[in-house]
>>> print(open('structure_1.cif').read())   # mmCIF, C-alpha atoms
data_entry
#
loop_
_atom_site.label_atom_id
_atom_site.label_comp_id
_atom_site.auth_asym_id
_atom_site.auth_seq_id
_atom_site.Cartn_x
_atom_site.Cartn_y
_atom_site.Cartn_z
CA MET F 579 -11.93 -26.26 13.91
CA SER F 580 -14.37 -25.08 11.20
CA ASN F 581 -14.05 -25.87 7.50
CA ASP F 582 -12.73 -22.35 6.96
CA ASP F 583 -10.01 -22.77 9.58
CA VAL F 584 -7.77 -25.00 7.50
CA LEU F 585 -4.12 -25.01 8.39
CA VAL F 586 -1.88 -23.69 5.64
CA ASN F 587 0.85 -26.08 4.56
CA ALA F 588 4.20 -24.66 5.54
CA PRO F 589 6.65 -23.90 2.70
CA SER F 590 8.99 -26.76 1.87
CA ASN F 591 11.99 -24.95 3.35
CA VAL F 592 10.31 -24.38 6.72
CA SER F 593 11.29 -26.70 9.55
CA PRO F 594 8.35 -28.87 10.64
CA LYS F 595 9.55 -28.86 14.25
CA ASN F 596 7.80 -25.71 15.42
CA PRO F 597 5.61 -24.29 12.64
CA LEU F 598 3.35 -21.37 13.32
CA THR F 599 -0.34 -22.24 13.57
CA VAL F 600 -1.52 -20.49 10.40
CA PHE F 601 -4.97 -20.96 8.86
CA SER F 602 -6.18 -20.73 5.26
CA ASP F 603 -6.77 -16.96 5.50
CA ARG F 604 -3.16 -16.64 6.75
CA SER F 605 -4.30 -15.68 10.24
CA GLU F 606 -2.13 -17.04 13.02
CA ARG F 607 -3.23 -18.35 16.39
CA PRO F 608 -0.49 -17.20 18.77
CA HIS F 609 0.51 -19.70 21.45
CA TYR F 610 0.40 -17.38 24.44
CA ASN F 611 2.84 -18.16 27.24
CA VAL F 612 0.14 -18.41 29.91
CA PRO F 613 -3.16 -19.84 28.62
CA GLY F 614 -5.99 -17.34 28.79
CA LEU F 615 -3.71 -14.27 28.89
CA ALA F 616 -3.19 -12.75 25.43
CA LEU F 617 0.55 -12.10 25.83
CA TYR F 618 3.49 -13.88 24.20
CA ALA F 619 7.23 -13.35 24.39
CA ARG F 620 10.20 -15.48 23.49
CA ARG F 621 13.91 -15.36 22.75
CA ASP F 622 14.03 -17.07 19.38
CA ARG F 623 16.20 -17.89 16.39
CA LEU F 624 15.43 -17.84 12.68
CA SER F 625 16.76 -21.37 12.07
CA ARG F 626 13.88 -22.73 14.16
CA TYR F 627 11.62 -21.78 11.26
CA GLY F 628 13.89 -23.11 8.51
CA TYR F 629 15.10 -19.50 7.97
CA HIS F 630 11.69 -18.63 6.49
CA MET F 631 8.55 -18.14 8.55
CA ALA F 632 5.16 -18.75 7.00
CA CYS F 633 3.48 -15.50 5.99
CA HIS F 634 0.79 -14.66 8.54
CA TRP F 635 -1.18 -11.95 10.31
CA HIS F 636 -2.86 -11.55 13.68
CA ARG F 637 -4.77 -8.84 15.47
CA ASP F 638 -1.95 -8.62 18.02
CA LEU F 639 0.75 -5.98 17.87
CA GLU F 640 4.19 -7.53 17.39
CA PHE F 641 7.48 -6.16 18.70
CA ILE F 642 10.80 -7.60 17.51
CA HIS F 643 14.32 -6.83 18.75
CA VAL F 644 17.16 -8.43 16.77
CA VAL F 645 19.94 -9.22 19.22
CA GLY F 646 22.29 -11.16 16.94
CA GLY F 647 22.84 -11.77 13.24
CA ARG F 648 20.64 -10.30 10.56
CA THR F 649 17.17 -11.00 9.15
CA SER F 650 14.88 -9.66 6.47
CA VAL F 651 11.32 -8.82 7.44
CA PHE F 652 8.37 -8.64 5.06
CA VAL F 653 5.43 -6.42 6.11
CA ASN F 654 2.50 -5.81 3.75
CA GLY F 655 4.63 -5.96 0.62
CA GLU F 656 7.68 -4.07 1.93
CA VAL F 657 10.96 -5.73 2.91
CA ARG F 658 13.46 -4.32 5.39
CA VAL F 659 16.74 -5.80 6.65
CA LEU F 660 17.34 -5.68 10.41
CA GLY F 661 20.71 -6.19 12.05
CA ALA F 662 21.71 -6.66 15.69
CA GLY F 663 20.50 -3.79 17.84
CA GLU F 664 17.61 -2.97 15.50
CA GLY F 665 13.94 -3.83 15.71
CA ILE F 666 10.46 -3.28 14.40
CA VAL F 667 6.92 -2.75 15.67
CA ILE F 668 4.38 -4.39 13.35
CA ASN F 669 0.86 -3.01 13.47
CA SER F 670 -2.26 -5.11 13.95
CA ARG F 671 -3.60 -7.24 11.07
CA ARG F 672 -0.58 -6.80 8.79
CA LEU F 673 0.83 -9.66 6.73
CA HIS F 674 4.41 -10.32 7.80
CA TYR F 675 7.19 -12.85 8.24
CA LEU F 676 10.94 -13.04 8.88
CA PHE F 677 13.27 -14.74 6.42
CA SER F 678 16.85 -15.15 5.26
CA ASP F 679 17.41 -16.13 1.63
CA ASP F 680 20.99 -17.19 2.30
CA GLY F 681 20.36 -19.09 5.54
CA GLU F 682 21.97 -16.51 7.81
CA GLU F 683 21.12 -17.05 11.46
CA ALA F 684 19.46 -14.36 13.50
CA GLN F 685 18.63 -14.25 17.19
CA PHE F 686 15.72 -12.06 18.18
CA VAL F 687 13.30 -11.32 20.98
CA SER F 688 9.67 -11.18 19.92
CA ALA F 689 6.66 -9.95 21.87
CA VAL F 690 3.04 -10.35 20.77
CA ILE F 691 0.31 -8.39 22.56
CA ASP F 692 -3.40 -8.39 21.79
CA PRO F 693 -4.76 -4.82 22.12
CA ALA F 694 -8.15 -6.32 23.01
CA LEU F 695 -6.63 -7.22 26.39
CA PHE F 696 -6.73 -3.53 27.28
CA GLY F 697 -9.61 -2.50 25.06
CA ALA F 698 -11.91 -4.80 27.03
CA MET F 699 -11.28 -2.74 30.18
CA HIS F 700 -13.09 0.35 28.91
CA PRO F 701 -14.68 1.45 25.59
CA GLN F 702 -12.47 4.55 25.45
CA LEU F 703 -9.35 2.40 25.69
CA GLU F 704 -10.61 0.24 22.84
CA ARG F 705 -11.28 3.31 20.68
CA ALA F 706 -7.78 4.60 21.38
CA MET F 707 -6.33 1.25 20.27
CA ARG F 708 -8.45 1.07 17.11
CA GLU F 709 -7.62 4.65 16.13
CA HIS F 710 -3.94 3.82 15.94
CA ASP F 711 -3.94 0.31 14.45
CA GLY F 712 -6.38 0.85 11.57
CA ASP F 713 -5.66 0.69 7.84
CA ASP F 714 -5.13 4.47 7.80
CA ARG F 715 -2.07 4.07 10.03
CA ALA F 716 1.48 2.99 9.28
CA ASP F 717 2.10 -0.73 8.83
CA PHE F 718 5.26 -0.72 10.93
CA VAL F 719 7.82 1.39 12.78
CA LEU F 720 11.55 0.65 12.51
CA LEU F 721 13.68 0.88 15.66
CA THR F 722 17.40 1.62 16.02
CA ALA F 723 19.65 1.71 19.06
CA ASP F 724 20.84 5.20 18.05
CA ASP F 725 17.51 6.81 18.93
CA GLU F 726 16.60 7.31 22.59
CA GLU F 727 12.89 6.62 22.11
CA ASP F 728 13.67 3.54 20.05
CA ARG F 729 16.00 2.25 22.77
CA ARG F 730 13.18 2.50 25.31
CA LEU F 731 11.10 0.22 23.11
CA LEU F 732 13.94 -2.20 22.38
CA PHE F 733 14.87 -2.53 26.06
CA GLY F 734 11.18 -2.75 26.92
CA ILE F 735 10.80 -5.78 24.63
CA ASP F 736 13.68 -7.52 26.42
CA GLU F 737 12.31 -6.70 29.87
CA PHE F 738 8.83 -7.88 28.93
CA GLU F 739 10.21 -11.21 27.70
CA ALA F 740 12.19 -11.74 30.89
CA THR F 741 9.18 -10.93 33.08
CA LEU F 742 6.81 -13.16 31.13
CA ALA F 743 9.38 -15.97 31.17
CA GLY F 744 9.46 -15.77 34.97
CA ALA F 745 5.67 -15.77 35.14
CA ARG F 746 5.48 -18.79 32.87
CA ARG F 747 8.06 -20.69 34.91
CA GLY F 748 6.11 -19.88 38.07
CA ALA F 749 2.92 -21.19 36.50
CA GLY F 750 4.69 -24.35 35.39
CA ALA F 751 6.20 -24.94 38.84
CA ASN F 752 2.84 -24.63 40.55
CA ALA F 753 1.16 -26.88 38.00
CA GLY F 754 3.72 -29.65 38.38
CA THR F 755 4.71 -31.05 35.02
CA ASN F 756 2.02 -29.02 33.18
CA ALA F 757 2.58 -31.28 30.20
CA GLY F 758 -0.43 -30.06 28.28
CA GLY F 759 0.37 -26.32 28.27
CA ALA F 760 2.36 -24.40 25.72
CA GLY F 761 6.13 -24.89 25.96
CA GLY F 762 8.03 -22.55 28.26
CA VAL F 763 9.78 -19.51 26.91
CA GLY F 764 13.35 -20.35 25.96
CA ASP F 765 13.04 -24.07 26.73
CA ALA F 766 13.84 -26.88 24.35
CA GLY F 767 10.23 -27.50 23.40
CA GLY F 768 9.48 -23.88 22.60
CA ALA F 769 6.41 -21.74 23.05
CA ASP F 770 5.02 -22.92 19.72
CA ASP F 771 4.88 -26.63 20.53
CA VAL F 772 1.56 -28.45 20.41
CA GLY F 773 -0.75 -27.37 23.21
CA GLY F 774 -1.64 -23.87 24.28
CA VAL F 775 -4.73 -21.79 24.82
CA ASP F 776 -7.33 -24.52 24.44
CA ASP F 777 -5.58 -27.16 26.50
CA ALA F 778 -7.34 -28.14 29.73
CA SER F 779 -4.23 -29.06 31.70
CA GLY F 780 -2.54 -25.81 30.66
CA ALA F 781 -5.52 -23.85 31.99
CA ALA F 782 -5.26 -25.72 35.25
CA GLY F 783 -1.62 -24.67 35.49
CA ALA F 784 -2.61 -21.02 35.09
CA THR F 785 -5.19 -21.40 37.85
CA ASP F 786 -2.62 -22.88 40.19
CA ALA F 787 -0.21 -20.06 39.34
CA SER F 788 -2.73 -17.46 40.49
CA GLY F 789 -2.31 -18.73 44.03
CA ASP F 790 1.39 -18.03 44.09
CA ALA F 791 2.13 -14.43 45.09
CA GLU F 792 5.40 -14.13 43.21
CA ALA F 793 4.03 -15.60 39.98
CA SER F 794 0.97 -13.37 40.24
CA LEU F 795 3.13 -10.29 40.63
CA ASP F 796 5.15 -11.35 37.58
CA LEU F 797 1.92 -11.56 35.59
CA LEU F 798 0.83 -8.15 36.83
CA ARG F 799 4.23 -6.73 35.97
CA ALA F 800 4.07 -8.31 32.49
CA VAL F 801 0.63 -6.79 31.85
CA SER F 802 1.95 -3.38 32.94
CA GLN F 803 4.96 -3.67 30.65
CA ALA F 804 2.73 -4.82 27.78
CA ALA F 805 0.53 -1.74 28.21
CA ARG F 806 3.60 0.49 28.03
CA LEU F 807 4.87 -1.25 24.90
CA CYS F 808 1.48 -0.77 23.25
CA LEU F 809 1.47 2.91 24.22
CA LEU F 810 5.01 3.55 22.93
CA GLY F 811 4.37 1.57 19.76
CA LEU F 812 0.92 2.86 18.82
CA GLU F 813 1.76 6.51 19.38
CA ARG F 814 4.49 6.08 16.74
CA MET F 815 2.04 4.71 14.14
CA GLU F 816 1.57 7.84 12.07
CA LYS F 817 -1.40 8.46 9.80
CA ARG F 818 -0.88 7.73 6.14
CA PRO F 819 -0.78 10.92 4.03
CA GLU F 820 -3.80 9.81 1.98
CA ALA F 821 -5.79 9.39 5.21
CA ASP F 822 -5.59 13.13 6.02
CA GLY F 823 -8.00 14.24 3.27
CA SER F 824 -11.39 15.71 3.99
CA GLY F 825 -13.48 13.55 1.65
CA ALA F 826 -16.30 13.00 4.14
CA GLY F 827 -18.78 15.80 4.78
CA SER F 828 -18.89 17.49 8.14
CA GLY F 829 -22.61 17.00 8.65
CA GLY F 830 -26.07 16.73 7.13
CA ALA F 831 -27.47 14.09 4.83
CA ASP F 832 -24.96 14.75 2.07
CA GLY F 833 -22.07 14.51 4.52
CA ALA F 834 -23.37 11.20 5.88
CA THR F 835 -23.79 9.82 2.35
CA ILE F 836 -20.28 10.84 1.36
CA GLY F 837 -18.92 9.38 4.58
CA GLN F 838 -20.72 6.06 3.99
CA ALA F 839 -19.49 5.92 0.40
CA ALA F 840 -15.93 6.59 1.57
CA ALA F 841 -16.22 3.81 4.15
CA VAL F 842 -17.45 1.34 1.51
CA ASP F 843 -14.70 2.43 -0.87
CA ALA F 844 -12.09 2.00 1.86
CA GLU F 845 -13.40 -1.49 2.61
CA VAL F 846 -13.20 -2.47 -1.08
CA ARG F 847 -9.68 -1.05 -1.32
CA GLY F 848 -8.74 -2.93 1.83
CA ARG F 849 -9.96 -6.25 0.44
CA SER F 850 -8.17 -5.62 -2.87
CA ARG F 851 -4.96 -4.75 -1.07
CA GLU F 852 -5.22 -7.85 1.09
CA SER F 853 -5.70 -10.01 -2.03
CA PHE F 854 -2.66 -8.42 -3.63
CA LEU F 855 -0.52 -8.94 -0.51
CA ASN F 856 -1.62 -12.57 -0.28
CA MET F 857 -0.51 -13.05 -3.87
CA VAL F 858 2.81 -11.30 -3.23
CA ALA F 859 3.40 -13.50 -0.19
CA PHE F 860 2.59 -16.60 -2.27
CA VAL F 861 5.12 -15.56 -4.91
CA ARG F 862 7.83 -15.01 -2.31
CA GLU F 863 7.14 -18.32 -0.55
CA HIS F 864 7.09 -20.38 -3.76
CA VAL F 865 9.61 -18.51 -5.90
CA ALA F 866 11.83 -21.59 -6.25
CA GLY F 867 8.99 -23.58 -7.81
CA ARG F 868 6.78 -23.22 -10.86
CA LEU F 869 4.50 -20.20 -10.53
CA SER F 870 1.47 -20.05 -12.81
CA LEU F 871 -0.98 -17.18 -13.15
CA ASP F 872 -3.79 -19.46 -11.97
CA ALA F 873 -1.89 -20.41 -8.81
CA ILE F 874 -1.07 -16.78 -8.01
CA ALA F 875 -4.70 -15.73 -8.55
CA ARG F 876 -5.95 -18.53 -6.28
CA ALA F 877 -3.67 -17.27 -3.52
CA GLY F 878 -5.53 -13.95 -3.66
CA ALA F 879 -8.96 -15.60 -4.06
CA VAL F 880 -9.47 -13.71 -7.34
CA GLY F 881 -9.74 -14.54 -11.02
CA ARG F 882 -6.95 -14.24 -13.58
CA SER F 883 -8.07 -10.86 -14.95
CA GLU F 884 -8.50 -9.34 -11.47
CA CYS F 885 -5.11 -10.72 -10.49
CA CYS F 886 -3.51 -8.88 -13.42
CA GLU F 887 -5.44 -5.71 -12.59
CA LEU F 888 -4.35 -5.78 -8.93
CA PHE F 889 -0.70 -6.19 -9.90
CA ARG F 890 -0.98 -3.27 -12.34
CA THR F 891 -2.63 -1.13 -9.64
CA HIS F 892 -0.38 -1.96 -6.69
CA ALA F 893 2.91 -2.97 -8.35
CA GLY F 894 2.74 -1.11 -11.65
CA ARG F 895 3.50 -4.24 -13.66
CA THR F 896 2.09 -7.59 -14.73
CA PRO F 897 2.28 -10.65 -12.44
CA ASN F 898 4.82 -12.20 -14.79
CA ASP F 899 7.06 -9.12 -14.67
CA TYR F 900 6.73 -8.99 -10.87
CA VAL F 901 7.79 -12.65 -10.55
CA THR F 902 10.74 -12.15 -12.91
CA ASP F 903 11.86 -8.98 -11.11
CA TYR F 904 11.68 -10.71 -7.74
CA ARG F 905 13.62 -13.72 -9.01
CA ILE F 906 16.35 -11.48 -10.44
CA ALA F 907 16.49 -9.44 -7.21
CA ARG F 908 16.86 -12.63 -5.21
CA GLY F 909 19.54 -13.85 -7.63
CA ARG F 910 21.47 -10.59 -7.22
CA ARG F 911 21.34 -10.98 -3.43
CA LEU F 912 22.60 -14.57 -3.57
CA LEU F 913 25.31 -13.72 -6.08
CA GLY F 914 26.64 -11.00 -3.81
CA ASP F 915 26.19 -12.63 -0.40
CA SER F 916 26.54 -16.40 -0.88
CA ALA F 917 29.04 -18.94 -2.19
CA MET F 918 26.36 -20.83 -4.13
CA SER F 919 27.15 -21.80 -7.72
CA ILE F 920 25.32 -20.17 -10.63
CA GLY F 921 23.37 -23.39 -11.14
CA GLU F 922 22.34 -23.55 -7.49
CA ILE F 923 21.22 -19.91 -7.54
CA ALA F 924 19.24 -20.50 -10.74
CA ARG F 925 17.34 -23.37 -9.11
CA GLU F 926 16.83 -21.42 -5.87
CA CYS F 927 15.31 -18.54 -7.86
CA GLY F 928 12.97 -20.73 -9.88
CA PHE F 929 14.73 -20.75 -13.26
CA ALA F 930 14.55 -23.93 -15.32
CA SER F 931 18.26 -23.91 -16.16
CA PRO F 932 21.43 -21.89 -15.49
CA SER F 933 21.50 -20.81 -19.14
CA TYR F 934 17.98 -19.38 -18.97
CA PHE F 935 18.84 -17.63 -15.69
CA SER F 936 21.89 -16.08 -17.39
CA TYR F 937 19.79 -15.03 -20.40
CA VAL F 938 17.11 -13.29 -18.31
CA PHE F 939 19.67 -11.81 -15.91
CA ARG F 940 21.68 -10.30 -18.78
CA ARG F 941 18.56 -8.78 -20.35
CA ARG F 942 17.57 -7.17 -17.05
CA MET F 943 20.97 -6.24 -15.62
CA GLY F 944 23.14 -5.74 -18.72
CA CYS F 945 25.72 -8.28 -17.58
CA THR F 946 25.99 -12.01 -16.87
CA PRO F 947 25.52 -13.39 -13.35
CA ARG F 948 29.23 -14.29 -13.28
CA ASP F 949 30.27 -10.74 -14.22
CA TYR F 950 27.84 -9.30 -11.66
CA ARG F 951 29.32 -11.48 -8.91
CA ALA F 952 32.87 -10.49 -9.82
CA ARG F 953 31.93 -6.81 -9.79
CA GLU F 954 30.22 -7.10 -6.40
CA ARG F 955 33.16 -8.94 -4.86
CA ALA F 956 35.61 -6.39 -6.27
CA GLY F 957 33.57 -3.64 -4.66
CA ASP F 958 33.58 -5.45 -1.29
CA ASP F 959 37.36 -5.91 -1.47
CA GLY F 960 37.80 -2.23 -2.22
CA ALA F 961 35.62 -1.25 0.71
CA ARG F 962 37.68 -3.43 3.08
CA GLU F 963 40.92 -1.87 1.87
#
>>> encode(input="structure_1.cif", output="structure tokens")
Amino acid sequence: MSNDDVLVNAPSNVSPKNPLTVFSDRSERPHYNVPGLALYARRDRLSRYGYHMACHWHRDLEFIHVVGGRTSVFVNGEVRVLGAGEGIVINSRRLHYLFSDDGEEAQFVSAVIDPALFGAMHPQLERAMREHDGDDRADFVLLTADDEEDRRLLFGIDEFEATLAGARRGAGANAGTNAGGAGGVGDAGGADDVGGVDDASGAAGATDASGDAEASLDLLRAVSQAARLCLLGLERMEKRPEADGSGAGSGGADGATIGQAAAVDAEVRGRSRESFLNMVAFVREHVAGRLSLDAIARAGAVGRSECCELFRTHAGRTPNDYVTDYRIARGRRLLGDSAMSIGEIARECGFASPSYFSYVFRRRMGCTPRDYRARERAGDDGARE
């Protein structure tokens, strides 16, 4: 591991049992089910991560099907809530994580597929992948069981997990105990236990599995299903509206110069956006603690003034206002959905005291936290009637 590949400390509310392997740049090293094959699938639960995954990114496409409960998902600064029967496809190299502020359990099937697995087969395949997972494409696609095309993807995620689970079990059976490899899908140890792609005994297990016809067919079937998931997912990643402009020239020296300038500008914007998203992720992960401007800026690897500028550009407000707005939004959610006391909610949202929480809440919302909770509960009772 190089000096740059420093593991990020997991947030205090994340279970240490099976943390993601996340480095200092927030990149994750997926623990693929079969070492050497860039495919991962697992039936999982949010409580395994302490109801709050570490924020991370990877070059792999990620497919998630929520099969029970409810979870929030953060992707590049946007938050969506997914219930049972819903899902999401997260594009390559996007910051993301699942979480539940009120500790609600969620069961989900996740699949992680590295597009490079197919891009390495032929340059044209790689170009097709890159054209649909770049920064000019959508960050994610939401899936619902009401849409026929979405159902194909949701069922495909489940089928891929089942196939890869069978392939992994076959590899483990042929390897004997295979103690050094990544944990089996759905077993007690979990696919994120210590071990994985670099482990020598795990690699030996994969080699033994290649001699078993049934396990080999399962692997082939899993690769085929992964290719279909990538196709269905990537073709849904629409171009961003701002990416449809004709800023670059169509030819000649001037056109080349404009095109190069646009590429440099896009790279700068990409780095700035990544810094901003890193800072947003830091705020969300540490909202219950003390958040200083210096700490937020360090999370984005920028100075204080650039930090303020990035928040004005991307969020339309100062870092302090963003933190306060997020804390109030989280307080509103806990007031409406949990049985926590006002004092407990104040601490969970990073306020020094219940009285200060009430003061800020009233200034922003026009009512006290207690009145807001009563109003929300009255509305729920009316809806049930």
>>> residues_around(input="structure_1.cif", residues="Arg868 of chain F", least_positions_apart="4", cutoff="12 Å", atoms="only C-alpha atoms", output="number ranges by chain")
F: 860-864, 872-874, 898, 901-902, 905, 925-930
>>> atom_distance(input="structure_1.cif", atom1="atom CA of Ser850 of chain F", atom2="atom CA of Tyr904 of chain F")
21.1 Å
>>> residues_around(input="structure_1.cif", residues="Val651 of chain F", least_positions_apart="5", cutoff="9 Å", atoms="all atoms listed in the file", output="PyMOL selection string")
chain F and resi 656-660+666+674-678
>>> atom_distance(input="structure_1.cif", atom1="atom CA of Met857 of chain F", atom2="atom CA of Met631 of chain F")
16.2 Å
>>> residues_around(input="structure_1.cif", residues="Asp903 of chain F", least_positions_apart="3", cutoff="12 Å", atoms="all atoms listed in the file", output="PyMOL selection string")
chain F and resi 861-862+865+893+895-900+906-910+927-928+938-939+941-943
>>> resolve_selection(input="structure_1.cif", expression="the PyMOL selection byres ((chain F and resi 687-702) around 8)", output="number ranges by chain")
F: 608, 616-622, 637-645, 685-686, 703-707, 735-736, 738-739, 804-805, 808
>>> closest_residue(input="structure_1.cif", among="F:Leu732, F:Ala632, F:Gly663, F:Gly681", to="Ala917 of chain F", atoms="all atoms listed in the file")
F:Gly681
>>> atom_distance(input="structure_1.cif", atom1="atom CA of Ala716 of chain F", atom2="atom CA of Met815 of chain F")
5.2 Å
>>> residues_around(input="structure_1.cif", residues="Leu913 of chain F", least_positions_apart="6", cutoff="12 Å", atoms="all atoms listed in the file", output="ChimeraX atom specification")
/F:679-680,906-907,919-924,926-927,939,946-955
>>> closest_residue(input="structure_1.cif", among="F:Met918, F:Ala662, F:Leu809, F:Ala684", to="Thr722 of chain F", atoms="all atoms listed in the file")
F:Ala662
>>> resolve_selection(input="structure_1.cif", expression="the PyMOL selection byres ((chain F and resi 713) around 9)", output="MDAnalysis selection string")
chainID F and resid 671 710:712 714:717 818 844 848
>>> resolve_selection(input="structure_1.cif", expression="the PyMOL selection byres ((chain F and resi 741) around 8)", output="JSON, numbers by chain")
{"F": [737, 738, 739, 740, 742, 743, 744, 745, 796, 797, 799, 800]}
>>> closest_residue(input="structure_1.cif", among="F:Arg672, F:Arg746, F:Glu709, F:Pro932", to="Ser794 of chain F", atoms="all atoms listed in the file")
F:Arg746
>>> closest_residue(input="structure_1.cif", among="F:Ser870, F:Thr649, F:Gln803, F:Asn669", to="Leu731 of chain F", atoms="all atoms listed in the file")
F:Gln803
>>> closest_residue(input="structure_1.cif", among="F:Gly878, F:Leu598, F:Arg849, F:Ala866", to="Tyr627 of chain F", atoms="only C-alpha atoms")
F:Leu598
